[in-house]
Amino acid sequence: MAKRSISILTRLLTNPSSPFTAPTRSITYMPRPGDGAPRTVTLIPGDGIGPLVTGAVEQVFEAMHAPVHFERYEVRGHMRKVPEEVMESVKRNKVCLKGGLATPVGGGVSSLNMQLRKELDIFASLVNCINVPGLVTRHENVDIVVIRENTEGEYAGLEHEVVPGVVESLKVTPNLYGNLIANTAAGIAGGTGVMPGGNVGAEHAIFEQGASAGNVGNDKIVEQKKANPMALLLSSAMMLKHLQFPTFADRLEIAVKQVIQEGKWRTKDLGGDCTTQEVVDAVIKALD
């Protein structure tokens with residue numbers, strides 16, 4: 001783990017108000033200094049199920065009157081690079097909410113996810129894997145926080161096209177292990193569909209689904225509009241606490257947990273057959 005990652009972890013563990021030092025920890029994480037004023041957040045819906053789940057967040061934020069304005073940009077994984085106006089937006093707003101961006105295979109096209117992390121120096125990935133009441137799992141009392149380096153190892157993007165169609169890539173294995181650990185821990189705790197996460201650096205933060213963050217779903221889920229929005233909603237609660245809106249964060253988290261625990265409104269990955277909109281409606285109702 002890089003020195004910067006160790007530094008941010010030290011701040012988390014020594015902060016008295018951080019959930020990491022509390023006897024019982026909520027899904028959301030450390031607060032970040034701020035004045036509580038309304039904030040503008042860059043929104044990248046992304047590919048596949050991304051527009052569905054980010055749209056779910058927008059609806060819920062509107063229903064709860066969250067003091068957040070989204071600055072939306074359409075970015076697709078097949079693009080050669082992140083548009084400059086998008087990068088400038090994230091730099092200006094400091095915070096971004098993002099759906100999955102498809103990662104191209106071969107052809108010398110680098111991942112836009114990696115471009116964002118490297119350009120913004122977002123070096124630490126945080127994933128909180130914890131049992132959620134209402135979801136039956138083989139293992140109980142799971143409460144794991146995975147923190148891994150975000151810009152080195154497999155995800156450093158150190159690759160180039162030596163000849164047309166042939167890409168040479170430098171790989172270092174430890175970072176990949178961190179990703180595997182996060183996905184495994186999420187599976188043990190209840191599934192990647194309910195695990196929040198964020199990517200943070202000294203100046204910027206990007207919030208997205210915690211485990212399998214690059215997941216864009218499949219065509220069937222998109223056509224049927226049955227993507228699970230819970231992970232991104234919980235990541236949005238992390239974002240709200242990061243923006244110094246703890247009351248809104250707790251209200252959202254409680255509503256999401258209530259819907260999960262009731263078990264009536266679930267997408268297929270959680271044992272149900274609901275659409276994204278049906279789940280969103282249930283969460284909005286639970287806000288009351």
# chains A, B, ... in the order shown; residues from 1 in each chain; ligands from 1

call {"tool": "residues_around", "arguments": {"residues": "Val259 (chain A)", "least_positions_apart": "3", "cutoff": "9 Å", "atoms": "only C-alpha atoms", "output": "PyMOL selection string"}}
result
chain A and resi 134+254-256+262-266+279+282-283+286

call {"tool": "write_last_selection", "arguments": {"atoms": "N, CA, C and O atoms", "output": "PDB file, in the first residue's frame"}}
result
ATOM      1  N   GLY A 134     -31.808  -8.833   7.044  1.00  0.00           N
ATOM      2  CA  GLY A 134     -32.816  -9.235   6.074  1.00  0.00           C
ATOM      3  C   GLY A 134     -32.270 -10.110   4.978  1.00  0.00           C
ATOM      4  O   GLY A 134     -33.023 -10.845   4.329  1.00  0.00           O
ATOM      5  N   ILE A 254     -31.004   4.326   6.335  1.00  0.00           N
ATOM      6  CA  ILE A 254     -32.063   3.659   7.094  1.00  0.00           C
ATOM      7  C   ILE A 254     -33.175   3.189   6.167  1.00  0.00           C
ATOM      8  O   ILE A 254     -33.703   2.084   6.304  1.00  0.00           O
ATOM      9  N   ALA A 255     -33.550   4.033   5.208  1.00  0.00           N
ATOM     10  CA  ALA A 255     -34.612   3.674   4.261  1.00  0.00           C
ATOM     11  C   ALA A 255     -34.211   2.474   3.410  1.00  0.00           C
ATOM     12  O   ALA A 255     -35.011   1.548   3.210  1.00  0.00           O
ATOM     13  N   VAL A 256     -32.974   2.474   2.908  1.00  0.00           N
ATOM     14  CA  VAL A 256     -32.500   1.356   2.092  1.00  0.00           C
ATOM     15  C   VAL A 256     -32.482   0.066   2.905  1.00  0.00           C
ATOM     16  O   VAL A 256     -32.952  -0.988   2.459  1.00  0.00           O
ATOM     17  N   GLU A 262     -37.352  -5.756   4.885  1.00  0.00           N
ATOM     18  CA  GLU A 262     -38.744  -6.162   4.656  1.00  0.00           C
ATOM     19  C   GLU A 262     -38.834  -7.268   3.620  1.00  0.00           C
ATOM     20  O   GLU A 262     -39.709  -8.144   3.702  1.00  0.00           O
ATOM     21  N   GLY A 263     -37.941  -7.255   2.646  1.00  0.00           N
ATOM     22  CA  GLY A 263     -37.850  -8.345   1.685  1.00  0.00           C
ATOM     23  C   GLY A 263     -38.924  -8.397   0.612  1.00  0.00           C
ATOM     24  O   GLY A 263     -38.988  -9.361  -0.156  1.00  0.00           O
ATOM     25  N   LYS A 264     -39.761  -7.372   0.532  1.00  0.00           N
ATOM     26  CA  LYS A 264     -40.849  -7.387  -0.451  1.00  0.00           C
ATOM     27  C   LYS A 264     -40.413  -6.855  -1.815  1.00  0.00           C
ATOM     28  O   LYS A 264     -40.988  -7.227  -2.836  1.00  0.00           O
ATOM     29  N   TRP A 265     -39.444  -5.970  -1.807  1.00  0.00           N
ATOM     30  CA  TRP A 265     -39.052  -5.296  -3.040  1.00  0.00           C
ATOM     31  C   TRP A 265     -37.575  -5.557  -3.311  1.00  0.00           C
ATOM     32  O   TRP A 265     -36.713  -4.817  -2.850  1.00  0.00           O
ATOM     33  N   ARG A 266     -37.331  -6.621  -4.070  1.00  0.00           N
ATOM     34  CA  ARG A 266     -35.957  -7.017  -4.365  1.00  0.00           C
ATOM     35  C   ARG A 266     -35.796  -7.361  -5.835  1.00  0.00           C
ATOM     36  O   ARG A 266     -36.707  -7.896  -6.457  1.00  0.00           O
ATOM     37  N   VAL A 279     -38.187  -0.850  -6.789  1.00  0.00           N
ATOM     38  CA  VAL A 279     -37.316  -0.751  -5.631  1.00  0.00           C
ATOM     39  C   VAL A 279     -37.154   0.708  -5.212  1.00  0.00           C
ATOM     40  O   VAL A 279     -37.225   1.045  -4.028  1.00  0.00           O
ATOM     41  N   ALA A 282     -40.134   1.941  -3.385  1.00  0.00           N
ATOM     42  CA  ALA A 282     -40.182   1.434  -2.020  1.00  0.00           C
ATOM     43  C   ALA A 282     -39.244   2.220  -1.104  1.00  0.00           C
ATOM     44  O   ALA A 282     -39.582   2.511   0.044  1.00  0.00           O
ATOM     45  N   VAL A 283     -38.073   2.560  -1.616  1.00  0.00           N
ATOM     46  CA  VAL A 283     -37.120   3.340  -0.822  1.00  0.00           C
ATOM     47  C   VAL A 283     -37.671   4.728  -0.539  1.00  0.00           C
ATOM     48  O   VAL A 283     -37.585   5.233   0.584  1.00  0.00           O
ATOM     49  N   ALA A 286     -40.162   4.561   2.118  1.00  0.00           N
ATOM     50  CA  ALA A 286     -39.538   4.328   3.428  1.00  0.00           C
ATOM     51  C   ALA A 286     -38.902   5.590   4.007  1.00  0.00           C
ATOM     52  O   ALA A 286     -38.611   5.642   5.201  1.00  0.00           O
TER      53      ALA A 286
END

call {"tool": "residues_around", "arguments": {"residues": "Leu97 (chain A)", "least_positions_apart": "5", "cutoff": "9 Å", "atoms": "only C-alpha atoms", "output": "compact mmCIF listing (two decimals) with all heavy atoms, in the first residue's frame"}}
result
# COMPACT_ATOMS: atom_id res chain seq x y z
N VAL A 41 -22.35 18.12 -7.61
CA VAL A 41 -21.62 16.86 -7.76
C VAL A 41 -21.65 16.46 -9.24
O VAL A 41 -22.71 16.51 -9.88
CB VAL A 41 -22.26 15.75 -6.90
CG1 VAL A 41 -21.66 14.38 -7.23
CG2 VAL A 41 -22.09 16.06 -5.42
N THR A 42 -20.51 16.07 -9.77
CA THR A 42 -20.46 15.58 -11.14
C THR A 42 -21.11 14.20 -11.21
O THR A 42 -20.83 13.34 -10.38
CB THR A 42 -19.00 15.48 -11.62
OG1 THR A 42 -18.37 16.76 -11.48
CG2 THR A 42 -18.94 15.04 -13.08
N LEU A 43 -21.97 13.99 -12.19
CA LEU A 43 -22.66 12.71 -12.35
C LEU A 43 -22.30 12.10 -13.69
O LEU A 43 -22.48 12.72 -14.74
CB LEU A 43 -24.17 12.90 -12.26
CG LEU A 43 -25.04 11.66 -12.50
CD1 LEU A 43 -24.79 10.62 -11.41
CD2 LEU A 43 -26.51 12.01 -12.57
N ILE A 44 -21.79 10.86 -13.65
CA ILE A 44 -21.48 10.11 -14.87
C ILE A 44 -22.31 8.84 -14.85
O ILE A 44 -21.96 7.86 -14.17
CB ILE A 44 -19.98 9.76 -14.95
CG1 ILE A 44 -19.13 11.04 -14.90
CG2 ILE A 44 -19.68 8.96 -16.20
CD1 ILE A 44 -17.63 10.78 -14.89
N PRO A 45 -23.45 8.80 -15.55
CA PRO A 45 -24.31 7.61 -15.53
C PRO A 45 -23.60 6.36 -16.05
O PRO A 45 -23.80 5.26 -15.52
CB PRO A 45 -25.48 8.01 -16.44
CG PRO A 45 -25.52 9.50 -16.35
CD PRO A 45 -24.08 9.92 -16.27
N THR A 54 -28.00 5.20 -11.47
CA THR A 54 -27.78 6.61 -11.14
C THR A 54 -29.09 7.39 -11.18
O THR A 54 -29.30 8.31 -10.40
CB THR A 54 -26.75 7.25 -12.09
OG1 THR A 54 -27.18 7.10 -13.45
CG2 THR A 54 -25.37 6.63 -11.91
N PHE A 70 -26.79 17.77 -9.30
CA PHE A 70 -25.97 16.92 -10.15
C PHE A 70 -25.66 17.62 -11.48
O PHE A 70 -26.55 18.14 -12.15
CB PHE A 70 -26.68 15.59 -10.43
CG PHE A 70 -26.68 14.66 -9.25
CD1 PHE A 70 -27.88 14.32 -8.62
CD2 PHE A 70 -25.51 14.13 -8.77
CE1 PHE A 70 -27.90 13.47 -7.53
CE2 PHE A 70 -25.51 13.26 -7.67
CZ PHE A 70 -26.70 12.94 -7.06
N ALA A 205 -12.94 12.77 -4.86
CA ALA A 205 -13.53 11.49 -4.50
C ALA A 205 -14.56 11.09 -5.56
O ALA A 205 -15.30 11.93 -6.07
CB ALA A 205 -14.21 11.58 -3.13
N ILE A 206 -14.56 9.81 -5.90
CA ILE A 206 -15.55 9.26 -6.82
C ILE A 206 -16.27 8.13 -6.11
O ILE A 206 -15.64 7.19 -5.61
CB ILE A 206 -14.89 8.73 -8.11
CG1 ILE A 206 -14.28 9.88 -8.91
CG2 ILE A 206 -15.93 8.01 -8.97
CD1 ILE A 206 -13.59 9.44 -10.18
N PHE A 207 -17.59 8.20 -6.08
CA PHE A 207 -18.39 7.18 -5.41
C PHE A 207 -19.10 6.33 -6.46
O PHE A 207 -19.66 6.84 -7.43
CB PHE A 207 -19.39 7.82 -4.45
CG PHE A 207 -18.72 8.51 -3.30
CD1 PHE A 207 -18.32 9.83 -3.41
CD2 PHE A 207 -18.44 7.82 -2.13
CE1 PHE A 207 -17.67 10.47 -2.36
CE2 PHE A 207 -17.79 8.44 -1.08
CZ PHE A 207 -17.39 9.76 -1.19
N GLU A 208 -19.07 5.03 -6.25
CA GLU A 208 -19.68 4.07 -7.17
C GLU A 208 -19.95 2.79 -6.40
O GLU A 208 -19.68 2.70 -5.20
CB GLU A 208 -18.75 3.80 -8.35
CG GLU A 208 -17.37 3.28 -7.95
CD GLU A 208 -16.40 3.25 -9.12
OE1 GLU A 208 -16.85 3.35 -10.27
OE2 GLU A 208 -15.18 3.13 -8.87
N LEU A 232 -25.46 1.41 -5.15
CA LEU A 232 -25.17 2.80 -5.46
C LEU A 232 -25.91 3.75 -4.54
O LEU A 232 -25.41 4.84 -4.21
CB LEU A 232 -25.50 3.11 -6.92
CG LEU A 232 -24.87 4.41 -7.44
CD1 LEU A 232 -23.35 4.31 -7.43
CD2 LEU A 232 -25.35 4.76 -8.83
N SER A 235 -23.76 3.79 -1.57
CA SER A 235 -22.57 4.58 -1.89
C SER A 235 -22.90 6.08 -1.87
O SER A 235 -22.07 6.91 -1.48
CB SER A 235 -22.03 4.19 -3.27
OG SER A 235 -21.60 2.85 -3.29
N SER A 236 -24.13 6.40 -2.26
CA SER A 236 -24.57 7.80 -2.23
C SER A 236 -24.72 8.29 -0.80
O SER A 236 -24.50 9.48 -0.51
CB SER A 236 -25.90 7.94 -2.96
OG SER A 236 -25.77 7.57 -4.31
N MET A 239 -21.40 9.23 0.15
CA MET A 239 -21.10 10.52 -0.46
C MET A 239 -21.71 11.67 0.34
O MET A 239 -21.06 12.71 0.55
CB MET A 239 -21.60 10.55 -1.91
CG MET A 239 -21.28 11.83 -2.66
SD MET A 239 -22.00 11.85 -4.33
CE MET A 239 -23.73 12.18 -3.93

call {"tool": "residues_around", "arguments": {"residues": "Pro196 (chain A)", "least_positions_apart": "4", "cutoff": "7 Å", "atoms": "only C-alpha atoms", "output": "NGL selection string"}}
result
:A and (127-128 or 209-210 or 231-232 or 234-235)

call {"tool": "residues_around", "arguments": {"residues": "Ala37 (chain A)", "least_positions_apart": "6", "cutoff": "10 Å", "atoms": "only C-alpha atoms", "output": "number ranges by chain"}}
result
A: 67-68, 243-245

call {"tool": "closest_residue", "arguments": {"among": "A:Lys94, A:Lys118, A:His78, A:Lys226", "to": "Val53 (chain A)", "atoms": "only C-alpha atoms"}}
result
A:Lys226

call {"tool": "atom_distance", "arguments": {"atom1": "CA of Glu119 (chain A)", "atom2": "CA of Ile49 (chain A)"}}
result
25.1 Å

call {"tool": "atom_distance", "arguments": {"atom1": "CA of Leu287 (chain A)", "atom2": "CA of Met64 (chain A)"}}
result
7.2 Å

call {"tool": "closest_residue", "arguments": {"among": "A:Leu116, A:Leu252, A:Met230, A:Ile130", "to": "Ala56 (chain A)", "atoms": "only C-alpha atoms"}}
result
A:Met230

call {"tool": "closest_residue", "arguments": {"among": "A:Ala63, A:Val216, A:Met114, A:Ile221", "to": "Gly46 (chain A)", "atoms": "only C-alpha atoms"}}
result
A:Val216
